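A.B. asks: My file is final01.cif. It has mmCIF, C-alpha atoms:
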```
data_protein
loop_
_atom_site.label_atom_id
_atom_site.label_comp_id
_atom_site.auth_asym_id
_atom_site.auth_seq_id
_atom_site.Cartn_x
_atom_site.Cartn_y
_atom_site.Cartn_z
CA MET A 1 100.69 74.40 104.78
CA ARG A 2 104.22 75.71 104.34
CA ILE A 3 105.87 76.88 101.14
CA LEU A 4 109.67 77.13 100.92
CA LEU A 5 111.14 79.01 97.96
CA PHE A 6 114.77 78.20 97.08
CA THR A 7 116.71 80.67 94.97
CA GLY A 8 120.23 81.91 94.42
CA LYS A 9 122.70 82.96 91.76
CA GLY A 10 122.87 80.55 88.84
CA GLY A 11 125.14 77.58 89.48
CA VAL A 12 125.22 77.69 93.30
CA GLY A 13 123.38 74.35 93.69
CA LYS A 14 119.90 75.52 94.71
CA THR A 15 118.16 72.64 92.88
CA THR A 16 120.17 70.01 94.76
CA LEU A 17 119.52 71.70 98.11
CA ALA A 18 115.81 72.15 97.41
CA ALA A 19 115.54 68.46 96.52
CA ALA A 20 117.54 67.48 99.63
CA THR A 21 115.31 69.60 101.86
CA ALA A 22 112.18 68.04 100.35
CA ALA A 23 113.61 64.57 100.98
CA ALA A 24 114.34 65.51 104.60
CA LEU A 25 110.79 66.79 105.14
CA ALA A 26 109.27 63.64 103.66
CA GLY A 27 111.60 61.55 105.81
CA ARG A 28 110.10 63.21 108.89
CA GLY A 29 106.59 62.17 107.87
CA ARG A 30 105.43 65.29 106.00
CA LYS A 31 103.60 64.95 102.69
CA THR A 32 105.94 66.98 100.52
CA LEU A 33 105.90 68.22 96.94
CA VAL A 34 109.01 69.71 95.33
CA VAL A 35 108.29 71.92 92.32
CA SER A 36 110.64 73.34 89.69
CA THR A 37 109.70 76.70 88.14
CA ASP A 38 113.17 77.13 86.65
CA PRO A 39 112.88 77.27 82.84
CA ALA A 40 116.10 75.20 82.69
CA HIS A 41 114.69 72.24 84.61
CA SER A 42 117.28 70.13 86.45
CA LEU A 43 115.15 68.75 89.29
CA GLY A 44 114.74 65.43 87.49
CA ASP A 45 118.52 65.25 87.11
CA ALA A 46 118.96 65.72 90.86
CA PHE A 47 116.63 62.79 91.59
CA GLY A 48 118.06 60.76 88.73
CA ARG A 49 114.66 60.19 87.12
CA ALA A 50 112.33 61.70 84.56
CA LEU A 51 109.75 64.20 85.82
CA GLY A 52 106.75 65.69 84.03
CA ALA A 53 104.23 68.49 84.30
CA GLU A 54 102.11 66.52 86.81
CA PRO A 55 103.34 65.40 90.28
CA SER A 56 104.93 61.95 90.29
CA GLU A 57 106.05 59.83 93.23
CA VAL A 58 109.74 59.87 94.06
CA ASP A 59 109.53 58.16 97.46
CA THR A 60 107.03 57.58 100.24
CA LEU A 61 105.40 60.95 101.01
CA LEU A 62 107.62 62.68 98.41
CA HIS A 63 106.42 63.82 94.97
CA ALA A 64 108.05 66.07 92.37
CA VAL A 65 106.94 68.08 89.34
CA GLN A 66 108.51 70.33 86.70
CA ILE A 67 106.07 73.08 85.69
CA ASP A 68 105.53 73.42 81.95
CA THR A 69 105.16 77.19 81.57
CA ARG A 70 104.90 76.96 77.78
CA GLY A 71 101.91 74.69 78.10
CA LEU A 72 100.28 77.02 80.63
CA VAL A 73 100.70 79.98 78.27
CA ASP A 74 99.14 78.01 75.43
CA SER A 75 96.13 76.95 77.51
CA THR A 76 95.27 79.04 80.58
CA TRP A 77 96.52 82.43 79.35
CA ARG A 78 94.99 82.07 75.89
CA GLU A 79 91.49 81.87 77.39
CA LEU A 80 91.98 84.76 79.83
CA ARG A 81 93.71 86.90 77.21
CA HIS A 82 90.72 86.51 74.90
CA GLU A 83 88.40 87.68 77.71
CA LEU A 84 90.61 90.70 78.46
CA GLN A 85 90.83 91.60 74.79
CA SER A 86 87.03 91.54 74.51
CA ALA A 87 86.70 93.68 77.65
CA LEU A 88 89.17 96.25 76.33
CA ALA A 89 87.43 96.40 72.98
CA GLY A 90 84.14 96.90 74.82
CA ALA A 91 85.70 99.83 76.68
CA GLY A 92 86.19 101.68 73.40
CA LEU A 93 89.61 100.51 72.21
CA ASP A 94 89.99 99.24 68.69
CA SER A 95 91.01 95.62 68.17
CA LEU A 96 94.68 96.41 67.48
CA ASP A 97 95.13 98.41 70.72
CA ALA A 98 93.27 95.73 72.69
CA GLU A 99 95.58 93.09 71.22
CA GLU A 100 98.71 95.01 72.27
CA LEU A 101 97.49 95.72 75.82
CA THR A 102 96.83 92.05 76.56
CA VAL A 103 100.49 91.16 76.01
CA VAL A 104 101.29 91.27 79.74
CA PRO A 105 105.06 91.19 80.46
CA GLY A 106 106.22 88.14 82.39
CA VAL A 107 103.00 86.18 81.91
CA ASP A 108 104.86 82.83 81.79
CA GLU A 109 106.42 83.45 85.21
CA LEU A 110 103.06 84.63 86.54
CA LEU A 111 101.40 81.42 85.38
CA ALA A 112 104.18 79.36 86.97
CA LEU A 113 103.49 81.08 90.30
CA THR A 114 99.78 80.47 89.81
CA GLU A 115 100.44 76.78 89.26
CA VAL A 116 102.47 76.63 92.50
CA GLN A 117 99.50 78.16 94.31
CA ARG A 118 97.10 75.67 92.72
CA LEU A 119 99.25 72.69 93.66
CA ALA A 120 99.71 74.01 97.21
CA GLU A 121 96.04 74.73 97.85
CA HIS A 122 94.43 71.76 96.12
CA GLY A 123 96.91 68.96 96.70
CA PRO A 124 97.38 66.74 99.77
CA TRP A 125 100.76 68.33 100.55
CA GLU A 126 101.78 69.66 103.96
CA THR A 127 104.88 71.32 102.53
CA VAL A 128 105.68 72.58 99.04
CA VAL A 129 109.36 73.19 98.22
CA VAL A 130 109.90 75.37 95.14
CA ASP A 131 113.10 75.27 93.11
CA CYS A 132 112.96 78.75 91.60
CA GLY A 133 115.05 80.11 88.75
CA PRO A 134 118.23 82.16 89.29
CA THR A 135 117.95 85.19 91.57
CA ALA A 136 117.11 87.80 88.93
CA GLU A 137 114.30 85.67 87.52
CA THR A 138 112.98 84.91 91.00
CA LEU A 139 112.87 88.59 91.99
CA ARG A 140 110.91 89.33 88.83
CA LEU A 141 108.61 86.40 89.58
CA LEU A 142 107.89 87.54 93.13
CA ALA A 143 107.31 91.16 92.06
CA LEU A 144 104.84 90.23 89.31
CA PRO A 145 101.57 90.04 91.30
CA GLU A 146 101.98 93.63 92.47
CA ALA A 147 103.34 94.89 89.13
CA VAL A 148 100.65 93.31 86.96
CA SER A 149 97.95 94.43 89.38
CA GLY A 150 99.14 98.01 88.89
CA TYR A 151 99.20 97.48 85.13
CA LEU A 152 95.56 96.40 85.16
CA SER A 153 94.47 99.19 87.53
CA ARG A 154 95.78 101.75 85.04
CA MET A 155 93.73 100.15 82.27
CA PHE A 156 90.57 99.90 84.38
CA LYS A 157 90.02 102.46 87.10
CA PRO A 158 88.52 100.97 90.30
CA GLY A 159 84.73 101.10 90.26
CA ALA A 160 84.49 101.83 86.54
CA ARG A 161 81.17 100.68 85.14
CA ARG A 162 82.69 98.80 82.28
CA THR A 163 85.28 96.90 84.31
CA ALA A 164 85.05 93.40 82.90
CA ALA A 165 84.57 90.26 84.92
CA ALA A 166 87.83 88.92 83.51
CA VAL A 167 89.73 91.93 84.88
CA ARG A 168 88.10 91.66 88.29
CA ARG A 169 88.84 87.94 88.39
CA LEU A 170 92.48 88.45 87.44
CA GLY A 171 92.83 91.28 89.97
CA ALA A 172 91.43 89.13 92.78
CA HIS A 173 93.75 86.32 91.80
CA LEU A 174 96.80 88.61 91.83
CA GLU A 175 95.85 89.84 95.28
CA SER A 176 95.61 86.24 96.52
CA LEU A 177 99.08 85.54 95.11
CA ARG A 178 100.50 88.63 96.82
CA THR A 179 98.92 87.58 100.12
CA LEU A 180 100.33 84.07 99.77
CA LEU A 181 103.85 85.35 99.15
CA THR A 182 103.89 87.92 101.96
CA ASP A 183 102.40 85.75 104.72
CA PRO A 184 105.44 84.65 106.75
CA ALA A 185 103.40 81.91 108.43
CA THR A 186 102.97 80.32 104.99
CA THR A 187 105.81 81.33 102.68
CA THR A 188 109.51 81.90 103.30
CA VAL A 189 112.61 82.05 101.11
CA ARG A 190 115.85 80.15 101.56
CA LEU A 191 118.73 81.85 99.82
CA VAL A 192 121.52 79.61 98.50
CA LEU A 193 124.99 81.01 97.89
CA THR A 194 128.59 79.92 97.63
CA PRO A 195 131.31 81.46 99.85
CA GLU A 196 132.56 83.94 97.26
CA ARG A 197 132.45 87.72 97.63
CA VAL A 198 130.69 88.37 94.32
CA VAL A 199 127.98 85.85 95.23
CA VAL A 200 127.56 87.26 98.74
CA ALA A 201 127.24 90.77 97.28
CA GLU A 202 124.36 89.60 95.08
CA ALA A 203 122.79 87.79 98.03
CA ARG A 204 122.79 91.03 100.03
CA ARG A 205 121.02 92.86 97.22
CA THR A 206 118.50 90.03 97.05
CA LEU A 207 117.82 90.31 100.78
CA SER A 208 117.07 94.02 100.38
CA SER A 209 114.77 93.44 97.43
CA LEU A 210 112.81 90.67 99.14
CA ALA A 211 112.44 92.78 102.29
CA LEU A 212 111.01 95.63 100.23
CA ARG A 213 108.43 93.18 98.85
CA GLY A 214 107.51 92.04 102.37
CA ILE A 215 108.81 88.51 101.71
CA LEU A 216 110.63 86.78 104.57
CA VAL A 217 114.01 85.08 104.16
CA ASP A 218 114.27 82.50 106.94
CA GLY A 219 117.86 81.45 106.36
CA LEU A 220 120.95 81.22 104.17
CA ILE A 221 122.57 78.04 102.88
CA VAL A 222 126.27 78.33 102.07
CA ASN A 223 127.04 75.58 99.59
CA ARG A 224 130.33 74.06 98.41
CA LEU A 225 132.40 74.98 101.43
CA MET A 226 135.91 73.53 101.11
CA PRO A 227 136.29 70.50 103.44
CA ALA A 228 138.75 70.90 106.30
CA PRO A 229 142.17 69.50 105.25
CA GLY A 230 142.39 67.23 108.30
CA PHE A 231 145.64 65.27 108.37
CA TRP A 232 146.53 65.87 104.74
CA ARG A 233 150.09 66.90 103.93
CA GLY A 234 151.82 68.64 101.07
CA ALA A 235 150.76 71.21 98.49
CA ALA A 236 147.14 69.98 98.25
CA ALA A 237 146.58 70.48 101.98
CA SER A 238 148.16 73.95 101.85
CA TRP A 239 145.87 74.94 98.97
CA MET A 240 142.80 73.63 100.82
CA ARG A 241 143.72 75.47 104.01
CA THR A 242 144.23 78.73 102.09
CA ARG A 243 140.94 78.34 100.24
CA ARG A 244 139.01 77.46 103.41
CA THR A 245 140.51 80.47 105.20
CA GLN A 246 139.30 82.75 102.41
CA GLN A 247 135.84 81.17 102.53
CA ASN A 248 135.66 81.59 106.31
CA ALA A 249 136.43 85.30 105.91
CA VAL A 250 133.53 85.62 103.47
CA LEU A 251 131.23 83.73 105.86
CA ALA A 252 132.15 86.14 108.65
CA GLU A 253 130.82 89.01 106.52
CA LEU A 254 127.34 87.44 106.49
CA GLY A 255 126.87 88.62 110.07
CA ASP A 256 126.36 92.11 108.62
CA ALA A 257 123.15 90.85 107.00
CA GLY A 258 121.59 90.23 110.41
CA PHE A 259 121.59 86.42 110.35
CA GLY A 260 122.66 84.46 113.40
CA PRO A 261 124.82 81.31 113.29
CA ASP A 262 121.72 79.06 113.45
CA GLN A 263 120.35 80.70 110.29
CA VAL A 264 123.49 80.24 108.17
CA LYS A 265 123.86 76.56 107.28
CA PRO A 266 127.05 75.33 105.57
CA VAL A 267 127.30 72.40 103.16
CA GLU A 268 130.71 71.06 102.18
CA HIS A 269 131.80 70.48 98.60
CA ARG A 270 131.68 66.88 97.42
CA ALA A 271 134.05 65.03 95.15
CA VAL A 272 131.14 63.28 93.40
CA GLU A 273 128.04 65.03 92.07
CA PRO A 274 125.09 64.14 94.34
CA VAL A 275 122.45 62.37 92.23
CA GLY A 276 119.62 60.20 93.50
CA LEU A 277 117.61 60.01 96.69
CA GLU A 278 120.34 58.42 98.82
CA ALA A 279 122.90 61.11 97.96
CA LEU A 280 120.32 63.85 98.58
CA GLN A 281 119.46 62.40 101.99
CA GLU A 282 123.16 62.52 102.91
CA ILE A 283 123.26 66.22 102.04
CA ALA A 284 120.06 66.79 104.01
CA TYR A 285 121.62 65.21 107.10
CA GLU A 286 124.68 67.46 106.82
CA LEU A 287 122.43 70.46 106.27
CA TYR A 288 119.92 69.88 109.08
CA ARG A 289 121.73 67.36 111.35
CA GLY A 290 118.61 65.21 111.55
CA LEU A 291 116.47 68.09 112.82
CA ASP A 292 113.27 69.43 111.29
CA PRO A 293 114.15 71.70 108.30
CA LEU A 294 111.31 73.98 109.42
CA ALA A 295 112.54 74.31 113.01
CA GLY A 296 113.27 77.87 114.10
CA THR A 297 111.27 79.52 111.31
CA GLU A 298 108.31 80.35 113.55
CA LYS A 299 109.94 83.43 115.12
CA GLY A 300 108.21 86.77 114.97
CA VAL A 301 108.71 88.98 111.93
CA THR A 302 109.46 92.70 112.06
CA PRO A 303 106.80 94.61 110.08
CA LEU A 304 108.07 96.33 106.94
CA LEU A 305 106.75 99.71 108.20
CA GLN A 306 106.68 101.05 111.76
CA VAL A 307 105.54 104.57 112.70
CA SER A 308 106.53 106.42 115.86
CA GLU A 309 106.17 110.02 117.04
CA SER A 310 109.19 112.30 117.32
CA ASP A 311 109.80 115.82 118.66
CA ASN A 312 109.22 117.33 115.22
CA GLY A 313 106.55 114.99 113.87
CA TYR A 314 106.91 111.34 112.97
CA GLN A 315 109.52 108.74 112.17
CA LEU A 316 108.82 106.00 109.64
CA ARG A 317 111.06 102.96 109.96
CA ILE A 318 111.40 100.74 106.88
CA ALA A 319 112.81 97.34 107.87
CA VAL A 320 115.12 96.51 104.98
CA PRO A 321 118.62 95.04 105.45
CA LEU A 322 121.40 97.41 104.40
CA HIS A 323 125.15 97.17 104.33
CA ARG A 324 127.77 99.88 104.21
CA ASP A 325 127.91 99.91 100.39
CA SER A 326 124.15 99.98 99.80
CA GLU A 327 122.89 102.65 97.38
CA VAL A 328 119.60 104.08 98.66
CA ASP A 329 117.25 106.61 97.09
CA LEU A 330 113.95 108.00 98.42
CA ALA A 331 111.35 110.01 96.55
CA ARG A 332 107.80 111.17 97.26
CA VAL A 333 105.24 110.12 94.61
CA ASP A 334 101.83 111.48 95.61
CA ASP A 335 100.79 109.39 98.65
CA ASP A 336 103.55 106.81 98.08
CA LEU A 337 107.18 106.66 99.06
CA ALA A 338 109.43 105.36 96.27
CA VAL A 339 112.25 103.41 97.90
CA THR A 340 115.17 102.20 95.79
CA VAL A 341 117.88 100.01 97.32
CA ASP A 342 120.73 98.78 95.13
CA GLY A 343 118.65 99.22 92.01
CA PHE A 344 115.48 97.53 93.32
CA ARG A 345 112.55 99.94 93.55
CA ARG A 346 109.19 99.70 95.26
CA LEU A 347 106.35 102.15 95.81
CA ILE A 348 105.26 101.93 99.45
CA ALA A 349 101.88 103.40 100.35
CA LEU A 350 102.31 105.84 103.23
CA PRO A 351 100.10 105.30 106.29
CA GLU A 352 97.18 107.74 106.22
CA MET A 353 98.47 109.83 109.13
CA LEU A 354 101.69 110.57 107.23
CA ARG A 355 100.18 111.58 103.90
CA PRO A 356 99.82 115.29 104.79
CA CYS A 357 103.45 115.39 106.02
CA ARG A 358 106.64 116.28 104.20
CA ILE A 359 109.94 114.42 104.36
CA THR A 360 112.57 116.30 106.37
CA GLY A 361 115.36 113.76 106.44
CA ALA A 362 116.42 110.13 106.33
CA GLU A 363 119.15 107.98 107.78
CA SER A 364 120.00 104.31 108.06
CA ASP A 365 121.02 102.01 110.86
CA ALA A 366 121.50 98.28 111.40
CA HIS A 367 117.75 97.68 111.17
CA GLY A 368 116.92 99.63 108.00
CA LEU A 369 115.87 103.11 106.97
CA VAL A 370 114.46 105.80 109.27
CA VAL A 371 112.55 108.56 107.47
CA SER A 372 111.65 111.75 109.34
CA LEU A 373 108.42 113.56 108.46
CA ALA A 374 106.88 116.77 109.79
CA GLY A 375 104.07 119.25 109.21
CA ASN A 376 101.92 119.46 106.12
CA ARG A 377 103.35 118.34 102.84
CA GLY A 378 104.85 121.25 100.93
CA PRO A 379 105.67 121.65 97.22
CA GLY A 380 107.86 118.76 95.93
#
```
Could you show the structure in this file as structure tokens?

C.D. replies:
Amino acid sequence: MRILLFTGKGGVGKTTLAAATAAALAGRGRKTLVVSTDPAHSLGDAFGRALGAEPSEVDTLLHAVQIDTRGLVDSTWRELRHELQSALAGAGLDSLDAEELTVVPGVDELLALTEVQRLAEHGPWETVVVDCGPTAETLRLLALPEAVSGYLSRMFKPGARRTAAAVRRLGAHLESLRTLLTDPATTTVRLVLTPERVVVAEARRTLSSLALRGILVDGLIVNRLMPAPGFWRGAAASWMRTRRTQQNAVLAELGDAGFGPDQVKPVEHRAVEPVGLEALQEIAYELYRGLDPLAGTEKGVTPLLQVSESDNGYQLRIAVPLHRDSEVDLARVDDDLAVTVDGFRRLIALPEMLRPCRITGAESDAHGLVVSLAGNRGPG
């Protein structure tokens, strides 16, 4: 089973490219499901047909579905919320406090991710392609299992006698979601962007945030690249050459993100909006040149944390892509290291051997952050 998550800044064409990739996978004999979790569903528009909340056949070996998050909130969450409310009331909270605490932020996105997991694990699919929402929504979606798990752990301390079955069940489920997302053999992200500096800047921040979450990005797709002018003449050809030159300069900057040429796939702009299976298959051929869309994604993955000894103690390497304008902040929070990169923050549990140590310095290189630690942890 493989799960491919497609995301990118709003309007870059991620839905079209997710649908095209799904069509390519099905064309190579894989049972493929393409799922939309984007609240503004447009997957049906890409295929040129109506889609519902249950998988429907688009072509041989290819099915598609648009997740109805509102319906999931009205059904699945209502039942679990009632159980949590009863558990909180049983722990000594009055009914009003229990009601407020069961309003979990982002529950609709969490249920959408749960539905993706259900479809992936219980369906006949070999590959599930997910058309996620715009980047900001996707980052919130992928951070939810860890965030909500922390929310629940603060309400119910581990091992507490009165921890309800509903809480334990939800906690186990969140852990299974986190494991699914951070297993590079199962789940990877494909980031879609257009060759514009503002879009590339957001893509770089997204790469840092996903790396902090332990989620692997296996490639970039650069959409709407201006076609080469060819033998055109006149003002139109001059404009196209100028625009393509600017786009090529932006593409050259992607090398700073650590992606090789085989991991950055360009797709040229089209004069006609691609709608329907035939048009999507044409895009897929340009994108993958008839090769397996999953080829080359089996390479080894650098662990998020690596510890090595130094002359003065230890060095902790945090593998997160940085560029020269990245804003980085580190702080010690008990036995965790709070790492913030370009506004995205994550608490990283320190390995046990480093917990008595204090931070003596930090620097960055092409491969991420290197934190120096020594001795016993002092005040602050």

A.B. asks: May I ask which of the residues A:Leu5, A:Thr179, A:Val200, A:Asp342 is the closest one to A:Val116, counting all atoms listed in the file?

C.D. replies: A:Leu5

A.B. asks: Find the residues near A:Gly296: any atom within 12 Å, counting all atoms listed in the file, skip ones fewer than 5 places away on the same chain, and give them as a list in words.

C.D. replies: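 In the requested form, the answer reads Asp218, Gly219, Gly260, Asp262, Gln263, Tyr288 and Leu291 of chain A.
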
A.B. asks: Rank A:Val320, A:Val199, A:Leu216, A:Leu33 by their smallest atom-to-atom distance to A:Gly368, using all atoms listed in the file, and report the top residue only.

C.D. replies: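 Going through A:Val320, A:Val199, A:Leu216, A:Leu33 one by one, the smallest distance to A:Gly368 is for A:Val320.
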
A.B. asks: Using the chain letters and numbers from the file, which residues does the PyMOL selection byres ((chain A and resi 335-339) around 9) grab, as a ChimeraX atom specification?

C.D. replies: /A:212,328-334,340-341,344-352,354-356

A.B. asks: For atom CA of A:Leu191 and atom CA of A:His173, quote the distance in Å rounded to one decimal.

C.D. replies: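 Atom CA of A:Leu191 sits 26.6 Å away from atom CA of A:His173.
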
A.B. asks: For each of A:His41, A:Lys9, A:Arg358, A:Arg204, take the minimum atom-to-atom distance to A:His323, counting all atoms listed in the file, then give the residue where this is smallest.

C.D. replies: A:Arg204

A.B. asks: For atom CA of A:Ala18 and atom CA of A:Cys132, determine how far apart the two atoms are, in Å to one decimal place.

C.D. replies: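 Atom CA of A:Ala18 sits 9.2 Å away from atom CA of A:Cys132.
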
A.B. asks: To verify the selection step, state as a list in words which residues the PyMOL selection byres ((chain A and resi 3) around 6) yields on this input.

C.D. replies: Arg2, Leu4, Thr127, Val128, Val129, Thr186 and Thr187 of chain A

A.B. asks: Taking all atoms listed in the file into account, which of A:Thr114, A:Thr60, A:Asn223, A:Ser364 comes nearest A:Val264?

C.D. replies: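 Of all the options, A:Asn223 lies closest to A:Val264.
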
A.B. asks: Which residues would end up in the selection if the PyMOL selection byres ((chain A and resi 68) around 9) were applied here, given that I need the answer as a JSON list (two decimals) with C-alpha atoms, in the coordinates of the input?

C.D. replies:
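Result file selection-v9.json:
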```json
[["chain", "number", "residue", "atom", "x", "y", "z"],
["A", 37, "THR", "CA", 109.70, 76.70, 88.14],
["A", 39, "PRO", "CA", 112.88, 77.27, 82.84],
["A", 52, "GLY", "CA", 106.75, 65.69, 84.03],
["A", 53, "ALA", "CA", 104.23, 68.49, 84.30],
["A", 66, "GLN", "CA", 108.51, 70.33, 86.70],
["A", 67, "ILE", "CA", 106.07, 73.08, 85.69],
["A", 69, "THR", "CA", 105.16, 77.19, 81.57],
["A", 70, "ARG", "CA", 104.90, 76.96, 77.78],
["A", 71, "GLY", "CA", 101.91, 74.69, 78.10],
["A", 72, "LEU", "CA", 100.28, 77.02, 80.63],
["A", 73, "VAL", "CA", 100.70, 79.98, 78.27],
["A", 112, "ALA", "CA", 104.18, 79.36, 86.97]]
```

A.B. asks: Measuring atom to atom with all atoms listed in the file, identify which of A:Leu322, A:Val192, A:Leu25, A:Leu139 is nearest to A:His63.

C.D. replies: A:Leu25

A.B. asks: Hey, can you check how far atom CA of A:Ile215 sits from atom CA of A:Leu181?

C.D. replies: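 Those two atoms sit 6.4 Å apart.
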
A.B. asks: Return the single residue from A:Glu126, A:Asp108, A:Glu253, A:Asp325 that is closest to A:Arg197, with distances computed using all atoms listed in the file.

C.D. replies: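 Under the stated criterion, the closest residue is A:Glu253.
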
A.B. asks: If we draw a sphere of 12 Å around (99.8, 70.6, 97.3), which residues have at least one atom in it when counting only C-alpha atoms? Please report them as a VMD selection string.

C.D. replies: chain A and resid 1 to 3 30 to 35 54 to 55 61 to 65 115 to 130
